[in-house]
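The structure file upload-v3.cif is reproduced below (mmCIF, C-alpha atoms).
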data_input
loop_
_atom_site.group_PDB
_atom_site.id
_atom_site.type_symbol
_atom_site.label_atom_id
_atom_site.label_comp_id
_atom_site.auth_asym_id
_atom_site.auth_seq_id
_atom_site.Cartn_x
_atom_site.Cartn_y
_atom_site.Cartn_z
ATOM 1 C CA MET A 1 3.214 9.983 -20.059
ATOM 2 C CA THR A 2 1.142 12.670 -18.396
ATOM 3 C CA GLU A 3 2.133 15.010 -15.627
ATOM 4 C CA TYR A 4 1.465 13.824 -12.126
ATOM 5 C CA THR A 5 -0.741 15.875 -9.812
ATOM 6 C CA ASN A 6 -1.841 15.144 -6.243
ATOM 7 C CA GLU A 7 -4.683 17.642 -6.136
ATOM 8 C CA CYS A 8 -8.059 16.326 -5.063
ATOM 9 C CA LYS A 9 -11.195 18.406 -4.553
ATOM 10 C CA LYS A 10 -13.521 15.739 -3.171
ATOM 11 C CA SER A 11 -13.378 13.786 0.064
ATOM 12 C CA PHE A 12 -11.312 10.722 -0.750
ATOM 13 C CA GLY A 13 -13.508 8.619 1.532
ATOM 14 C CA GLU A 14 -16.556 9.537 -0.545
ATOM 15 C CA THR A 15 -14.628 8.823 -3.738
ATOM 16 C CA LEU A 16 -13.624 5.370 -2.474
ATOM 17 C CA ASP A 17 -17.225 4.553 -1.527
ATOM 18 C CA ARG A 18 -18.385 5.599 -4.995
ATOM 19 C CA VAL A 19 -15.734 3.434 -6.662
ATOM 20 C CA ILE A 20 -16.616 0.392 -4.510
ATOM 21 C CA GLU A 21 -20.306 0.793 -5.367
ATOM 22 C CA GLN A 22 -19.501 0.954 -9.094
ATOM 23 C CA LEU A 23 -17.335 -2.174 -9.183
ATOM 24 C CA PRO A 24 -18.663 -4.630 -11.802
ATOM 25 C CA PRO A 25 -19.999 -8.030 -10.673
ATOM 26 C CA ASP A 26 -17.409 -10.281 -12.321
ATOM 27 C CA SER A 27 -13.871 -8.909 -12.828
ATOM 28 C CA ILE A 28 -12.103 -5.567 -13.003
ATOM 29 C CA THR A 29 -8.781 -4.121 -14.100
ATOM 30 C CA LEU A 30 -6.735 -1.499 -12.269
ATOM 31 C CA GLU A 31 -7.150 0.737 -15.303
ATOM 32 C CA MET A 32 -10.917 0.650 -14.800
ATOM 33 C CA VAL A 33 -10.495 1.560 -11.115
ATOM 34 C CA LEU A 34 -8.254 4.524 -11.946
ATOM 35 C CA ASN A 35 -10.763 5.700 -14.551
ATOM 36 C CA LEU A 36 -13.514 5.572 -11.911
ATOM 37 C CA ILE A 37 -11.396 7.590 -9.479
ATOM 38 C CA GLY A 38 -10.046 10.032 -12.055
ATOM 39 C CA GLN A 39 -6.470 10.830 -13.063
ATOM 40 C CA GLU A 40 -6.306 13.666 -10.524
ATOM 41 C CA GLY A 41 -6.864 11.143 -7.734
ATOM 42 C CA LEU A 42 -3.656 9.156 -8.082
ATOM 43 C CA LEU A 43 -3.039 9.153 -4.324
ATOM 44 C CA ILE A 44 -6.638 8.100 -3.726
ATOM 45 C CA PHE A 45 -5.917 5.218 -6.089
ATOM 46 C CA CYS A 46 -2.896 4.405 -3.919
ATOM 47 C CA ILE A 47 -5.096 4.386 -0.788
ATOM 48 C CA PHE A 48 -7.633 2.191 -2.616
ATOM 49 C CA LEU A 49 -4.885 -0.367 -3.277
ATOM 50 C CA THR A 50 -4.006 -0.623 0.429
ATOM 51 C CA ILE A 51 -7.541 -1.417 1.650
ATOM 52 C CA PRO A 52 -7.498 -5.210 1.018
ATOM 53 C CA PHE A 53 -4.590 -5.595 3.454
ATOM 54 C CA PHE A 54 -6.548 -4.318 6.467
ATOM 55 C CA VAL A 55 -8.845 -7.365 6.608
ATOM 56 C CA PRO A 56 -8.068 -11.126 6.628
ATOM 57 C CA VAL A 57 -9.221 -11.831 3.058
ATOM 58 C CA SER A 58 -6.772 -13.761 0.874
ATOM 59 C CA ILE A 59 -6.616 -12.609 -2.764
ATOM 60 C CA PRO A 60 -3.781 -14.412 -4.633
ATOM 61 C CA GLY A 61 -1.236 -12.163 -6.346
ATOM 62 C CA VAL A 62 -2.676 -8.933 -4.993
ATOM 63 C CA SER A 63 0.233 -7.864 -2.757
ATOM 64 C CA THR A 64 2.756 -8.184 -5.597
ATOM 65 C CA VAL A 65 0.717 -6.403 -8.281
ATOM 66 C CA PHE A 66 -0.754 -3.743 -5.982
ATOM 67 C CA GLY A 67 2.655 -3.210 -4.383
ATOM 68 C CA LEU A 68 4.234 -2.656 -7.798
ATOM 69 C CA ILE A 69 1.575 -0.121 -8.746
ATOM 70 C CA ILE A 70 2.096 1.741 -5.446
ATOM 71 C CA LEU A 71 5.849 1.690 -6.097
ATOM 72 C CA LEU A 72 5.249 3.295 -9.502
ATOM 73 C CA ILE A 73 2.985 5.900 -7.904
ATOM 74 C CA GLY A 74 5.875 6.734 -5.565
ATOM 75 C CA ILE A 75 8.129 7.156 -8.592
ATOM 76 C CA SER A 76 5.458 9.374 -10.155
ATOM 77 C CA ILE A 77 5.498 11.594 -7.071
ATOM 78 C CA MET A 78 9.279 11.902 -7.122
ATOM 79 C CA SER A 79 9.514 12.557 -10.872
ATOM 80 C CA ASN A 80 6.257 14.517 -11.296
ATOM 81 C CA ARG A 81 5.344 12.111 -14.132
ATOM 82 C CA LEU A 82 2.838 9.288 -14.334
ATOM 83 C CA TRP A 83 4.521 5.865 -14.599
ATOM 84 C CA LEU A 84 1.842 3.177 -14.886
ATOM 85 C CA PRO A 85 2.442 0.553 -17.628
ATOM 86 C CA GLU A 86 -0.654 -0.423 -19.615
ATOM 87 C CA ARG A 87 0.044 -4.161 -19.389
ATOM 88 C CA LEU A 88 0.007 -4.069 -15.583
ATOM 89 C CA MET A 89 -2.988 -1.744 -15.418
ATOM 90 C CA ARG A 90 -5.004 -4.080 -17.658
ATOM 91 C CA ARG A 91 -4.491 -7.172 -15.512
ATOM 92 C CA SER A 92 -7.883 -8.337 -14.241
ATOM 93 C CA PHE A 93 -8.914 -9.411 -10.736
ATOM 94 C CA PRO A 94 -12.073 -11.192 -9.511
ATOM 95 C CA VAL A 95 -14.404 -8.668 -7.933
ATOM 96 C CA ALA A 96 -16.144 -10.855 -5.322
ATOM 97 C CA LYS A 97 -13.313 -11.125 -2.763
ATOM 98 C CA LEU A 98 -11.871 -7.733 -3.679
ATOM 99 C CA LYS A 99 -15.171 -5.925 -3.106
ATOM 100 C CA ALA A 100 -15.746 -7.719 0.214
ATOM 101 C CA ALA A 101 -12.301 -6.621 1.412
ATOM 102 C CA MET A 102 -12.857 -3.072 0.169
ATOM 103 C CA GLU A 103 -16.189 -2.703 1.954
ATOM 104 C CA LYS A 104 -14.733 -3.874 5.269
ATOM 105 C CA GLY A 105 -11.439 -2.014 4.982
ATOM 106 C CA SER A 106 -13.024 1.272 3.895
ATOM 107 C CA ILE A 107 -14.382 1.690 7.433
ATOM 108 C CA TRP A 108 -10.816 2.248 8.672
ATOM 109 C CA VAL A 109 -10.108 4.692 5.859
ATOM 110 C CA HIS A 110 -13.100 6.822 6.873
ATOM 111 C CA ARG A 111 -11.946 6.842 10.506
ATOM 112 C CA VAL A 112 -8.454 7.934 9.538
ATOM 113 C CA GLU A 113 -9.784 10.623 7.197
ATOM 114 C CA LYS A 114 -11.734 12.256 10.030
ATOM 115 C CA LEU A 115 -8.507 12.691 12.036
ATOM 116 C CA SER A 116 -6.469 14.105 9.166
ATOM 117 C CA ARG A 117 -6.089 17.790 8.283
ATOM 118 C CA PRO A 118 -3.375 20.141 6.961
ATOM 119 C CA ARG A 119 -0.701 20.613 9.660
ATOM 120 C CA PHE A 120 3.061 20.454 10.265
ATOM 121 C CA HIS A 121 3.658 21.578 6.687
ATOM 122 C CA ILE A 122 7.439 21.349 6.914
ATOM 123 C CA LEU A 123 7.170 17.610 6.199
ATOM 124 C CA THR A 124 5.109 18.136 3.048
ATOM 125 C CA GLN A 125 7.200 20.720 1.169
ATOM 126 C CA GLY A 126 10.456 21.007 -0.743
ATOM 127 C CA VAL A 127 12.974 18.201 -0.341
ATOM 128 C CA MET A 128 10.637 16.387 2.053
ATOM 129 C CA SER A 129 8.110 15.834 -0.732
ATOM 130 C CA ARG A 130 10.689 13.751 -2.615
ATOM 131 C CA LEU A 131 11.617 11.892 0.568
ATOM 132 C CA ASN A 132 7.937 11.113 1.106
ATOM 133 C CA GLY A 133 7.820 9.666 -2.404
ATOM 134 C CA PHE A 134 10.881 7.550 -1.658
ATOM 135 C CA MET A 135 9.293 6.230 1.546
ATOM 136 C CA LEU A 136 6.190 5.309 -0.436
ATOM 137 C CA ILE A 137 8.417 3.327 -2.817
ATOM 138 C CA PHE A 138 10.203 1.603 0.071
ATOM 139 C CA SER A 139 6.884 0.731 1.734
ATOM 140 C CA ALA A 140 5.670 -0.797 -1.528
ATOM 141 C CA LEU A 141 8.802 -2.972 -1.646
ATOM 142 C CA LEU A 142 8.048 -4.142 1.900
ATOM 143 C CA LEU A 143 4.488 -4.945 0.842
ATOM 144 C CA MET A 144 5.854 -7.064 -2.018
ATOM 145 C CA ALA A 145 8.168 -9.039 0.293
ATOM 146 C CA PRO A 146 7.450 -12.815 0.266
ATOM 147 C CA PHE A 147 5.942 -12.928 3.778
ATOM 148 C CA GLY A 148 2.265 -12.955 2.766
ATOM 149 C CA PHE A 149 1.548 -16.081 4.818
ATOM 150 C CA VAL A 150 2.822 -14.410 8.028
ATOM 151 C CA PRO A 151 0.325 -12.381 10.139
ATOM 152 C CA LEU A 152 0.705 -8.566 9.799
ATOM 153 C CA SER A 153 3.299 -8.917 7.006
ATOM 154 C CA ASN A 154 0.953 -7.134 4.579
ATOM 155 C CA THR A 155 -1.018 -5.131 7.136
ATOM 156 C CA LEU A 156 1.937 -3.163 8.537
ATOM 157 C CA PRO A 157 3.348 -1.939 5.206
ATOM 158 C CA GLY A 158 -0.241 -1.414 3.987
ATOM 159 C CA LEU A 159 -0.917 0.911 6.930
ATOM 160 C CA ALA A 160 2.396 2.688 6.326
ATOM 161 C CA ILE A 161 1.374 3.315 2.709
ATOM 162 C CA LEU A 162 -2.074 4.510 3.815
ATOM 163 C CA PHE A 163 -0.674 7.129 6.197
ATOM 164 C CA LEU A 164 2.065 8.228 3.789
ATOM 165 C CA ALA A 165 -0.415 8.665 0.935
ATOM 166 C CA LEU A 166 -2.906 10.377 3.251
ATOM 167 C CA GLY A 167 -0.207 12.696 4.596
ATOM 168 C CA ILE A 168 0.827 13.724 1.080
ATOM 169 C CA LEU A 169 -2.788 14.107 -0.066
ATOM 170 C CA GLN A 170 -3.972 16.095 2.967
ATOM 171 C CA LYS A 171 -0.642 17.855 3.579
ATOM 172 C CA ASP A 172 -0.688 16.357 7.069
ATOM 173 C CA GLY A 173 2.808 16.095 8.567
ATOM 174 C CA TYR A 174 1.574 14.060 11.529
ATOM 175 C CA CYS A 175 0.174 11.376 9.213
ATOM 176 C CA LEU A 176 3.528 11.311 7.450
ATOM 177 C CA LEU A 177 5.337 10.850 10.778
ATOM 178 C CA LEU A 178 3.008 7.962 11.603
ATOM 179 C CA GLY A 179 3.707 6.478 8.181
ATOM 180 C CA TYR A 180 7.453 6.744 8.777
ATOM 181 C CA GLY A 181 7.035 5.056 12.159
ATOM 182 C CA LEU A 182 5.086 2.188 10.603
ATOM 183 C CA VAL A 183 7.805 1.729 7.969
ATOM 184 C CA PHE A 184 10.389 1.457 10.752
ATOM 185 C CA LEU A 185 8.162 -0.990 12.662
ATOM 186 C CA THR A 186 7.736 -3.105 9.516
ATOM 187 C CA VAL A 187 11.498 -3.251 8.972
ATOM 188 C CA ILE A 188 12.022 -4.384 12.583
ATOM 189 C CA TYR A 189 9.243 -6.981 12.249
ATOM 190 C CA PHE A 190 10.695 -8.377 9.017
ATOM 191 C CA ALA A 191 14.178 -8.472 10.572
ATOM 192 C CA PHE A 192 12.812 -10.638 13.401
ATOM 193 C CA LEU A 193 11.091 -12.897 10.865
ATOM 194 C CA LEU A 194 14.337 -13.350 8.940
ATOM 195 C CA LEU A 195 16.313 -13.940 12.120
ATOM 196 C CA GLY A 196 13.757 -16.475 13.321
ATOM 197 C CA GLY A 197 13.878 -18.246 9.967
ATOM 198 C CA LEU A 198 17.669 -18.429 10.042
ATOM 199 C CA LEU A 199 17.670 -19.814 13.596
ATOM 200 C CA ALA A 200 15.048 -22.394 12.669
ATOM 201 C CA ALA A 201 17.065 -23.462 9.615
ATOM 202 C CA GLN A 202 20.205 -23.732 11.751
ATOM 203 C CA ARG A 203 18.437 -25.980 14.275
ATOM 204 C CA ILE A 204 17.084 -28.196 11.497
ATOM 205 C CA ILE A 205 20.579 -28.589 10.013
ATOM 206 C CA GLU A 206 22.048 -29.414 13.441
ATOM 207 C CA ALA A 207 19.273 -31.959 14.100
ATOM 208 C CA MET A 208 19.905 -33.624 10.745
ATOM 209 C CA LYS A 209 23.643 -33.787 11.440
ATOM 210 C CA ASP A 210 23.021 -35.434 14.819
ATOM 211 C CA LEU A 211 20.634 -37.897 13.161
ATOM 212 C CA PHE A 212 23.152 -38.988 10.540
ATOM 213 C CA ILE A 213 26.102 -39.073 12.943
ATOM 214 C CA ASN A 214 24.218 -41.242 15.440
#
Show me the file's structure as C-alpha cells.
Amino acid sequence: MTEYTNECKKSFGETLDRVIEQLPPDSITLEMVLNLIGQEGLLIFCIFLTIPFFVPVSIPGVSTVFGLIILLIGISIMSNRLWLPERLMRRSFPVAKLKAAMEKGSIWVHRVEKLSRPRFHILTQGVMSRLNGFMLIFSALLLMAPFGFVPLSNTLPGLAILFLALGILQKDGYCLLLGYGLVFLTVIYFAFLLLGGLLAAQRIIEAMKDLFIN
C-alpha cells in the first residue's frame, strides 16, 4: 500500500476532460482510469466516478462497483493509506455508455469547479478531515443502496460525493457543508422510499387477506 495524498496541482476539470478524451474505444478498467489521472489525483478519481450518476444513462453494475471504490477512497482519506484492491480495479466496463455519460456529466463538474475556492477552513482541518472521510464512506454506502431503479436514488448520493470530494480537494468548507446537506437529504429521501414500500406491502397483504376471506 502507498501513502494517500490529496494534493493536486492541475485543474481537476481539465484533468477529467483529458481522461475522457483518452478513453479507449472498447472497454476500460478502473486501474487504467486511475493511471490516466495519476496517483496524486485520488479525489479527482472519486469525482470521475460520480459523473455517470448526473445523467439518465443506465450502466449495469456501475453504482455498486463505483460506490465501493469511493468507499475505499474514503477509508484511504481517514487512514492516510491507499486501499484499492487490484481485483476490483481490474474489472472492465464498456466505454460507449460510460463515455457518453462522462461527456454530459462533466459539464456540471466544470460549473461546480468555477464556484469552488479555499474558504471556511475550519471544516477541512484536524478532526474534521477524518469526519469528512467518514461522510464520504457513508455517501458511498447510500450510492450502493438497492434503489437504482428509483429516480434520484443515485443522483442525490452522487452529488453528495461530488461536493464532499470537491470540498476536501479545494479545501472549501462551503462545498463540504453542501455535501453534508445532500447526505441528509438522501437519508430522508431513502427513509420515505422505505416507508412507502412498507405501506404498499401492508396494503397488498390486507388486500390478499380480504380476497381469501371473502
Contacts of stretch 29-46 of chain A within 6 Å, all atoms listed in the file, excl. fewer than 5 positions in-chain, as a VMD selection string: chain A and resid 8 70 89 to 92 165
Put a box with edges along x, y and z around all the listed atoms of stretch 65-74 of chain A, pad it by 4 Å on each side, then give me its centre and sizes in Å, one decimal, as AutoDock Vina command-line options.
--center_x 2.6 --center_y 0.2 --center_z -6.9 --size_x 14.6 --size_y 21.1 --size_z 13.1
Mind giving me the straight-line distance from atom CA of A:Gly67 to atom CA of A:Asn154 in Å, one decimal?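 Atom-to-atom, atom CA of A:Gly67 to atom CA of A:Asn154, that is 9.9 Å.
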Give me the residues near A:Leu136 as a CSV table (one decimal) with C-alpha atoms, keeping the file's coordinate frame, where near means some atom within 9 Å (using all atoms listed in the file) and where sequence neighbours in that chain fewer than 5 positions away do not count.
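The new file out12.csv reads:
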chain,number,residue,atom,x,y,z
A,70,ILE,CA,2.1,1.7,-5.4
A,71,LEU,CA,5.8,1.7,-6.1
A,73,ILE,CA,3.0,5.9,-7.9
A,74,GLY,CA,5.9,6.7,-5.6
A,75,ILE,CA,8.1,7.2,-8.6
A,131,LEU,CA,11.6,11.9,0.6
A,141,LEU,CA,8.8,-3.0,-1.6
A,160,ALA,CA,2.4,2.7,6.3
A,161,ILE,CA,1.4,3.3,2.7
A,164,LEU,CA,2.1,8.2,3.8
A,165,ALA,CA,-0.4,8.7,0.9
Selected residue, from A:Leu166, A:Ile28, A:Leu152, A:Cys175, that lies nearest to A:Tyr189 when counting only C-alpha atoms: A:Leu152
Selection as a PyMOL selection string: residues within 12 Å of (-13.3, 6.5, 7.9), counting only C-alpha atoms: chain A and resi 11-17+51+103-116
Report, in Å with one decimal, the straight-line distance from atom CA of A:Ala145 to atom CA of A:Met208.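 Spanning atom CA of A:Ala145 to atom CA of A:Met208 is a straight-line distance of 29.2 Å.
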